[in-house]
Amino acid sequence: MSDGTATTTTTDLDVRLEKHRVELTGYCYRMLGSSFEAEDAVQDTMVRAWRSYEKFEGRSSLRSWLYRIATNVCLDMLTAGNKRARPMDLSESTPLAQAALSPRPDNTWLEPMPDNRVLPTTDDPAEAAVAKESVRLAFMAALQQLPAKQRAVLILREVLAWKASEVAELLDTSVASVNSALQRARATLAEREDRAAGAAVSDPLDEDQQKLLDRYVAAFEGYDMTALTALLHEDAVMTMPPFDLWLTGHDDITGFMTTLGSACEGSRLVPVQVNGLPGFAQYKPDPEEGGYTPWAVQVLEISDGRLTGFHFFLDTKRWFPLFGLPLHLEAEADQVQKGE
């Protein structure tokens with residue numbers, strides 16, 4: 001009898017903890033800038049909560065308690081001081097004539113994340129919009145510039161709408177300290193010129209934005225550089241982590257695609273929802289096995305009816321499984337899917 005009761009209690013606790021996994025993953029992802037570190041942090045949080053649940057006296061809600069544990073886990077992980085970044089955060093853009101593909105270690109880079117792993121479902125459009133904006137690449141990169149505790153304060157106050165008193169209790173500090181940290185964090189973000197990049201994307205996409213994406217797919221799959229140029233803002237940016245190269249301007253971008261990037265001709269694009277932005281899984285032709293092989297997860301930024309940024313995350317062995325994407329596309333299946 002006692003064993004059955006214990007099992008029921010354990011199962012019930014597991015269910016209660018799992019209800020918070022997506023929002024906790026979103027929190028840890030904003031804190032850490034890494035998809036996989038965020039999931040590790042949440043798993044660590046769940047294990048700690050499960051092991052110490054008997055000591056949880058219910059003086060706060062289970063959700064608040066989990067956020068306290070997750071915050072401590074993230075702060076411990078951030079003690080090494082690593083700040084994840086985008087290529088444009090680390091160097092100046094490279095002219096096409098000097099373009100070279102030089103990789104940096106994985107822990108250098110801000111990583112992409114599927115929306116469904118970090119954005120809880122909500123019936124509140126305003127809440128959904130704030131959540132999406134807070135995982136966009138530009139905002140995520142700005143967060144990485146903040147000291148760890150300022151980062152936590154800003155996320156809890158501005159993104160999750162916690163009260164200053166609740167944040168103070170979580171961090172074992174004073175309300176005055178929380179308000180001061182929030183003010184400093186806001187000032188740092190305000191200094192970043194790119195903080196609004198991609199902010200013009202509607203949720204859901206409006207008709208013009210959807211048409212822009214349709215035109216982009218047609219131009220990219222057709223490798224039509226004239227059509228692609230017409231879609232790019234004159235200051236559009238292209239990045240390709242883990243390479244530190246980044247290009248700016250449609251001439252250099254299309255020039256790269258027809259030279260160093262020419263193997264992407266004939267690619268197929270599969271839509272994905274990533275970092276609160278439209279994106280695509282790119283498969284390029286597989287000359288050895290036929291069909292198409294994974295090449296990149298693309299994240300697109302849109303503003304004023306043009307593409308202002310597109311970012312190619314190339315470590316497909318990591319990203320495609322994370323997004324639940326197949327590691328091969330058959331040409332025939334692809335044609336059937338497209339109705340060709």
# chains A, B, ... in the order shown; residues from 1 in each chain; ligands from 1
>>> closest_atom_pairs(of="region 254-308 of chain A", to="region 127-137 of chain A", cutoff="7 Å", atoms="only C-alpha atoms", output="Markdown table")
| residue | atom | partner | partner_atom | distance |
| --- | --- | --- | --- | --- |
| A:Asn275 | CA | A:Arg136 | CA | 4.9 |
| A:Gly276 | CA | A:Lys132 | CA | 4.4 |
| A:Leu277 | CA | A:Arg136 | CA | 6.8 |
>>> write_last_selection(atoms="N, CA and C atoms", output="PDB file, in the first residue's frame")
ATOM      1  N   ASN A 275      13.044  31.247 -32.716  1.00  0.00           N
ATOM      2  CA  ASN A 275      13.350  32.522 -32.046  1.00  0.00           C
ATOM      3  C   ASN A 275      12.303  33.605 -32.294  1.00  0.00           C
ATOM      4  N   GLY A 276      11.025  33.202 -32.320  1.00  0.00           N
ATOM      5  CA  GLY A 276       9.968  34.181 -32.505  1.00  0.00           C
ATOM      6  C   GLY A 276       9.959  34.819 -33.878  1.00  0.00           C
ATOM      7  N   LEU A 277      10.670  34.214 -34.817  1.00  0.00           N
ATOM      8  CA  LEU A 277      10.821  34.769 -36.165  1.00  0.00           C
ATOM      9  C   LEU A 277      10.533  33.692 -37.200  1.00  0.00           C
TER      10      LEU A 277
END
>>> residues_around(residues="Val299 (chain A)", least_positions_apart="4", cutoff="6 Å", atoms="only C-alpha atoms", output="number ranges by chain")
A: 279, 310-311
>>> residues_around(residues="region 32-41 of chain A", least_positions_apart="2", cutoff="6 Å", atoms="only C-alpha atoms", output="list in words")
Thr25, Cys28, Tyr29, Arg30, Gln43, Asp44, Leu110, Glu111 and Met113 of chain A
>>> residues_around(residues="region 62-67 of chain A", least_positions_apart="6", cutoff="9 Å", atoms="only C-alpha atoms", output="mmCIF file with N, CA, C and O atoms, in the first residue's frame")
data_model
loop_
_atom_site.group_PDB
_atom_site.id
_atom_site.type_symbol
_atom_site.label_atom_id
_atom_site.label_comp_id
_atom_site.auth_asym_id
_atom_site.auth_seq_id
_atom_site.Cartn_x
_atom_site.Cartn_y
_atom_site.Cartn_z
ATOM 1 N N ARG A 16 3.332 17.719 -12.219
ATOM 2 C CA ARG A 16 3.318 19.129 -11.806
ATOM 3 C C ARG A 16 4.582 19.855 -12.247
ATOM 4 O O ARG A 16 4.529 21.009 -12.676
ATOM 5 N N LEU A 17 5.716 19.181 -12.148
ATOM 6 C CA LEU A 17 6.975 19.800 -12.576
ATOM 7 C C LEU A 17 6.999 19.991 -14.090
ATOM 8 O O LEU A 17 7.423 21.046 -14.580
ATOM 9 N N HIS A 20 5.787 23.075 -16.068
ATOM 10 C CA HIS A 20 6.572 24.308 -16.092
ATOM 11 C C HIS A 20 7.799 24.208 -17.006
ATOM 12 O O HIS A 20 8.565 25.161 -17.098
ATOM 13 N N LEU A 24 10.235 27.396 -18.165
ATOM 14 C CA LEU A 24 11.549 27.386 -17.540
ATOM 15 C C LEU A 24 12.654 27.297 -18.592
ATOM 16 O O LEU A 24 13.711 27.931 -18.453
ATOM 17 N N TYR A 27 13.103 30.707 -19.956
ATOM 18 C CA TYR A 27 13.847 31.542 -19.003
ATOM 19 C C TYR A 27 15.338 31.219 -19.048
ATOM 20 O O TYR A 27 16.181 32.126 -19.170
ATOM 21 N N THR A 45 17.386 21.639 -12.843
ATOM 22 C CA THR A 45 16.371 22.246 -11.976
ATOM 23 C C THR A 45 15.335 21.220 -11.546
ATOM 24 O O THR A 45 14.961 21.133 -10.364
ATOM 25 N N MET A 46 14.862 20.430 -12.491
ATOM 26 C CA MET A 46 13.849 19.411 -12.187
ATOM 27 C C MET A 46 14.383 18.368 -11.211
ATOM 28 O O MET A 46 13.687 17.952 -10.276
ATOM 29 N N ALA A 49 14.648 19.934 -7.776
ATOM 30 C CA ALA A 49 13.318 20.107 -7.189
ATOM 31 C C ALA A 49 12.764 18.766 -6.714
ATOM 32 O O ALA A 49 12.189 18.671 -5.617
ATOM 33 N N PHE A 56 10.407 21.580 0.582
ATOM 34 C CA PHE A 56 9.596 22.691 0.082
ATOM 35 C C PHE A 56 8.359 22.818 0.954
ATOM 36 O O PHE A 56 7.510 21.943 0.995
ATOM 37 N N GLU A 166 8.657 40.338 -5.718
ATOM 38 C CA GLU A 166 8.810 38.909 -6.007
ATOM 39 C C GLU A 166 10.226 38.596 -6.471
ATOM 40 O O GLU A 166 10.817 37.580 -6.084
ATOM 41 N N LEU A 170 13.105 36.266 -4.655
ATOM 42 C CA LEU A 170 13.771 35.179 -5.372
ATOM 43 C C LEU A 170 15.290 35.302 -5.289
ATOM 44 O O LEU A 170 16.007 34.310 -5.119
#
>>> residues_around(residues="region 150-153 of chain A", least_positions_apart="3", cutoff="8 Å", atoms="only C-alpha atoms", output="VMD selection string")
chain A and resid 31 71 143 to 144 146 to 147 156 to 157 167 178 181 to 182 184 to 185
>>> residues_around(residues="Phe256 (chain A)", least_positions_apart="3", cutoff="10 Å", atoms="only C-alpha atoms", output="list in words")
Pro95, Leu96, Ala97, Ala99, Met238, Leu247, His250, Asp251, Asp252, Ile253, Thr259, Leu260, Gly261 and Ser262 of chain A
>>> closest_residue(among="A:Val159, A:Leu189, A:Leu154, A:Ala263", to="Pro285 (chain A)", atoms="only C-alpha atoms")
A:Ala263
>>> residues_around(residues="region 316-326 of chain A", least_positions_apart="5", cutoff="8 Å", atoms="only C-alpha atoms", output="MDAnalysis selection string")
chainID A and resid 112:114 272 281 294:297
>>> select_by_dssp(residues="region 91-330 of chain A", states="strand (DSSP E or B)", output="number ranges by chain")
A: 103, 109, 114, 232-240, 243-248, 268-274, 277-285, 292-303, 306-313, 329
>>> atom_distance(atom1="CA of Arg84 (chain A)", atom2="CA of Pro105 (chain A)")
10.8 Å
>>> closest_residue(among="A:Tyr283, A:Phe139, A:Phe243, A:Tyr292", to="Phe313 (chain A)", atoms="only C-alpha atoms")
A:Phe243
>>> closest_residue(among="A:Val270, A:Ala331, A:Leu245, A:Ala70", to="Gln98 (chain A)", atoms="only C-alpha atoms")
A:Leu245
>>> atom_distance(atom1="CA of Phe280 (chain A)", atom2="CA of Ala138 (chain A)")
18.1 Å
>>> atom_distance(atom1="CA of Pro287 (chain A)", atom2="CA of Pro242 (chain A)")
23.9 Å
>>> select_by_dssp(residues="region 285-340 of chain A", states="alpha helix (DSSP H)", output="list of chain:residue names")
A:Thr316, A:Lys317, A:Arg318, A:Trp319, A:Phe320, A:Pro321, A:Leu322, A:Ala331, A:Glu332, A:Ala333, A:Asp334, A:Gln335, A:Val336, A:Gln337, A:Lys338
>>> write_last_selection(atoms="C-alpha atoms", output="short mmCIF file (atom, residue, chain, number, x, y, z; two decimals), in the first residue's frame")
data_model
loop_
_atom_site.label_atom_id
_atom_site.label_comp_id
_atom_site.auth_asym_id
_atom_site.auth_seq_id
_atom_site.Cartn_x
_atom_site.Cartn_y
_atom_site.Cartn_z
CA THR A 316 23.00 20.57 -38.74
CA LYS A 317 23.81 17.48 -36.65
CA ARG A 318 22.83 19.53 -33.61
CA TRP A 319 20.07 21.75 -34.95
CA PHE A 320 17.98 19.47 -37.16
CA PRO A 321 17.23 16.90 -34.39
CA LEU A 322 16.45 19.78 -32.00
CA ALA A 331 13.58 14.19 -54.10
CA GLU A 332 10.39 12.32 -55.03
CA ALA A 333 8.74 12.99 -51.68
CA ASP A 334 9.73 16.63 -51.95
CA GLN A 335 8.11 16.91 -55.37
CA VAL A 336 4.91 15.22 -54.18
CA GLN A 337 4.77 17.57 -51.19
CA LYS A 338 5.09 20.58 -53.47
#
>>> decode(residues="region 14-32 of chain A", atoms="N, CA, C and O atoms", output="PDB file, in the first residue's frame")
ATOM      1  N   ASP A  14       5.902  14.592 -10.754  1.00  0.00           N
ATOM      2  CA  ASP A  14       6.487  14.667 -12.095  1.00  0.00           C
ATOM      3  C   ASP A  14       5.587  15.464 -13.033  1.00  0.00           C
ATOM      4  O   ASP A  14       6.061  16.306 -13.801  1.00  0.00           O
ATOM      5  N   VAL A  15       4.296  15.205 -12.967  1.00  0.00           N
ATOM      6  CA  VAL A  15       3.342  15.911 -13.825  1.00  0.00           C
ATOM      7  C   VAL A  15       3.334  17.403 -13.502  1.00  0.00           C
ATOM      8  O   VAL A  15       3.353  18.258 -14.407  1.00  0.00           O
ATOM      9  N   ARG A  16       3.332  17.719 -12.219  1.00  0.00           N
ATOM     10  CA  ARG A  16       3.318  19.129 -11.806  1.00  0.00           C
ATOM     11  C   ARG A  16       4.582  19.855 -12.247  1.00  0.00           C
ATOM     12  O   ARG A  16       4.529  21.009 -12.676  1.00  0.00           O
ATOM     13  N   LEU A  17       5.716  19.181 -12.148  1.00  0.00           N
ATOM     14  CA  LEU A  17       6.975  19.800 -12.576  1.00  0.00           C
ATOM     15  C   LEU A  17       6.999  19.991 -14.090  1.00  0.00           C
ATOM     16  O   LEU A  17       7.423  21.046 -14.580  1.00  0.00           O
ATOM     17  N   GLU A  18       6.550  18.983 -14.813  1.00  0.00           N
ATOM     18  CA  GLU A  18       6.593  19.039 -16.280  1.00  0.00           C
ATOM     19  C   GLU A  18       5.749  20.179 -16.840  1.00  0.00           C
ATOM     20  O   GLU A  18       6.052  20.700 -17.913  1.00  0.00           O
ATOM     21  N   LYS A  19       4.701  20.570 -16.136  1.00  0.00           N
ATOM     22  CA  LYS A  19       3.860  21.680 -16.601  1.00  0.00           C
ATOM     23  C   LYS A  19       4.654  22.974 -16.761  1.00  0.00           C
ATOM     24  O   LYS A  19       4.247  23.863 -17.512  1.00  0.00           O
ATOM     25  N   HIS A  20       5.787  23.075 -16.068  1.00  0.00           N
ATOM     26  CA  HIS A  20       6.572  24.308 -16.092  1.00  0.00           C
ATOM     27  C   HIS A  20       7.799  24.208 -17.006  1.00  0.00           C
ATOM     28  O   HIS A  20       8.565  25.161 -17.098  1.00  0.00           O
ATOM     29  N   ARG A  21       7.982  23.064 -17.671  1.00  0.00           N
ATOM     30  CA  ARG A  21       9.228  22.853 -18.420  1.00  0.00           C
ATOM     31  C   ARG A  21       9.430  23.893 -19.531  1.00  0.00           C
ATOM     32  O   ARG A  21      10.528  24.445 -19.675  1.00  0.00           O
ATOM     33  N   VAL A  22       8.398  24.149 -20.327  1.00  0.00           N
ATOM     34  CA  VAL A  22       8.581  25.051 -21.477  1.00  0.00           C
ATOM     35  C   VAL A  22       8.934  26.465 -21.007  1.00  0.00           C
ATOM     36  O   VAL A  22       9.887  27.078 -21.509  1.00  0.00           O
ATOM     37  N   GLU A  23       8.177  27.000 -20.033  1.00  0.00           N
ATOM     38  CA  GLU A  23       8.487  28.362 -19.597  1.00  0.00           C
ATOM     39  C   GLU A  23       9.845  28.436 -18.906  1.00  0.00           C
ATOM     40  O   GLU A  23      10.573  29.428 -19.067  1.00  0.00           O
ATOM     41  N   LEU A  24      10.235  27.396 -18.165  1.00  0.00           N
ATOM     42  CA  LEU A  24      11.549  27.386 -17.540  1.00  0.00           C
ATOM     43  C   LEU A  24      12.654  27.297 -18.592  1.00  0.00           C
ATOM     44  O   LEU A  24      13.711  27.931 -18.453  1.00  0.00           O
ATOM     45  N   THR A  25      12.410  26.534 -19.658  1.00  0.00           N
ATOM     46  CA  THR A  25      13.400  26.452 -20.731  1.00  0.00           C
ATOM     47  C   THR A  25      13.559  27.812 -21.391  1.00  0.00           C
ATOM     48  O   THR A  25      14.679  28.240 -21.715  1.00  0.00           O
ATOM     49  N   GLY A  26      12.444  28.523 -21.587  1.00  0.00           N
ATOM     50  CA  GLY A  26      12.524  29.872 -22.137  1.00  0.00           C
ATOM     51  C   GLY A  26      13.326  30.800 -21.248  1.00  0.00           C
ATOM     52  O   GLY A  26      14.145  31.597 -21.729  1.00  0.00           O
ATOM     53  N   TYR A  27      13.103  30.707 -19.956  1.00  0.00           N
ATOM     54  CA  TYR A  27      13.847  31.542 -19.003  1.00  0.00           C
ATOM     55  C   TYR A  27      15.338  31.219 -19.048  1.00  0.00           C
ATOM     56  O   TYR A  27      16.181  32.126 -19.170  1.00  0.00           O
ATOM     57  N   CYS A  28      15.671  29.952 -18.970  1.00  0.00           N
ATOM     58  CA  CYS A  28      17.090  29.561 -18.971  1.00  0.00           C
ATOM     59  C   CYS A  28      17.748  29.876 -20.310  1.00  0.00           C
ATOM     60  O   CYS A  28      18.936  30.246 -20.358  1.00  0.00           O
ATOM     61  N   TYR A  29      16.993  29.758 -21.394  1.00  0.00           N
ATOM     62  CA  TYR A  29      17.544  30.094 -22.712  1.00  0.00           C
ATOM     63  C   TYR A  29      17.880  31.586 -22.788  1.00  0.00           C
ATOM     64  O   TYR A  29      18.939  31.975 -23.270  1.00  0.00           O
ATOM     65  N   ARG A  30      16.986  32.431 -22.284  1.00  0.00           N
ATOM     66  CA  ARG A  30      17.285  33.872 -22.270  1.00  0.00           C
ATOM     67  C   ARG A  30      18.495  34.160 -21.390  1.00  0.00           C
ATOM     68  O   ARG A  30      19.302  35.044 -21.690  1.00  0.00           O
ATOM     69  N   MET A  31      18.627  33.446 -20.290  1.00  0.00           N
ATOM     70  CA  MET A  31      19.760  33.649 -19.391  1.00  0.00           C
ATOM     71  C   MET A  31      21.082  33.198 -20.012  1.00  0.00           C
ATOM     72  O   MET A  31      22.109  33.858 -19.871  1.00  0.00           O
ATOM     73  N   LEU A  32      21.055  32.059 -20.711  1.00  0.00           N
ATOM     74  CA  LEU A  32      22.297  31.401 -21.128  1.00  0.00           C
ATOM     75  C   LEU A  32      22.647  31.596 -22.601  1.00  0.00           C
ATOM     76  O   LEU A  32      23.809  31.449 -22.981  1.00  0.00           O
TER      77      LEU A  32
END
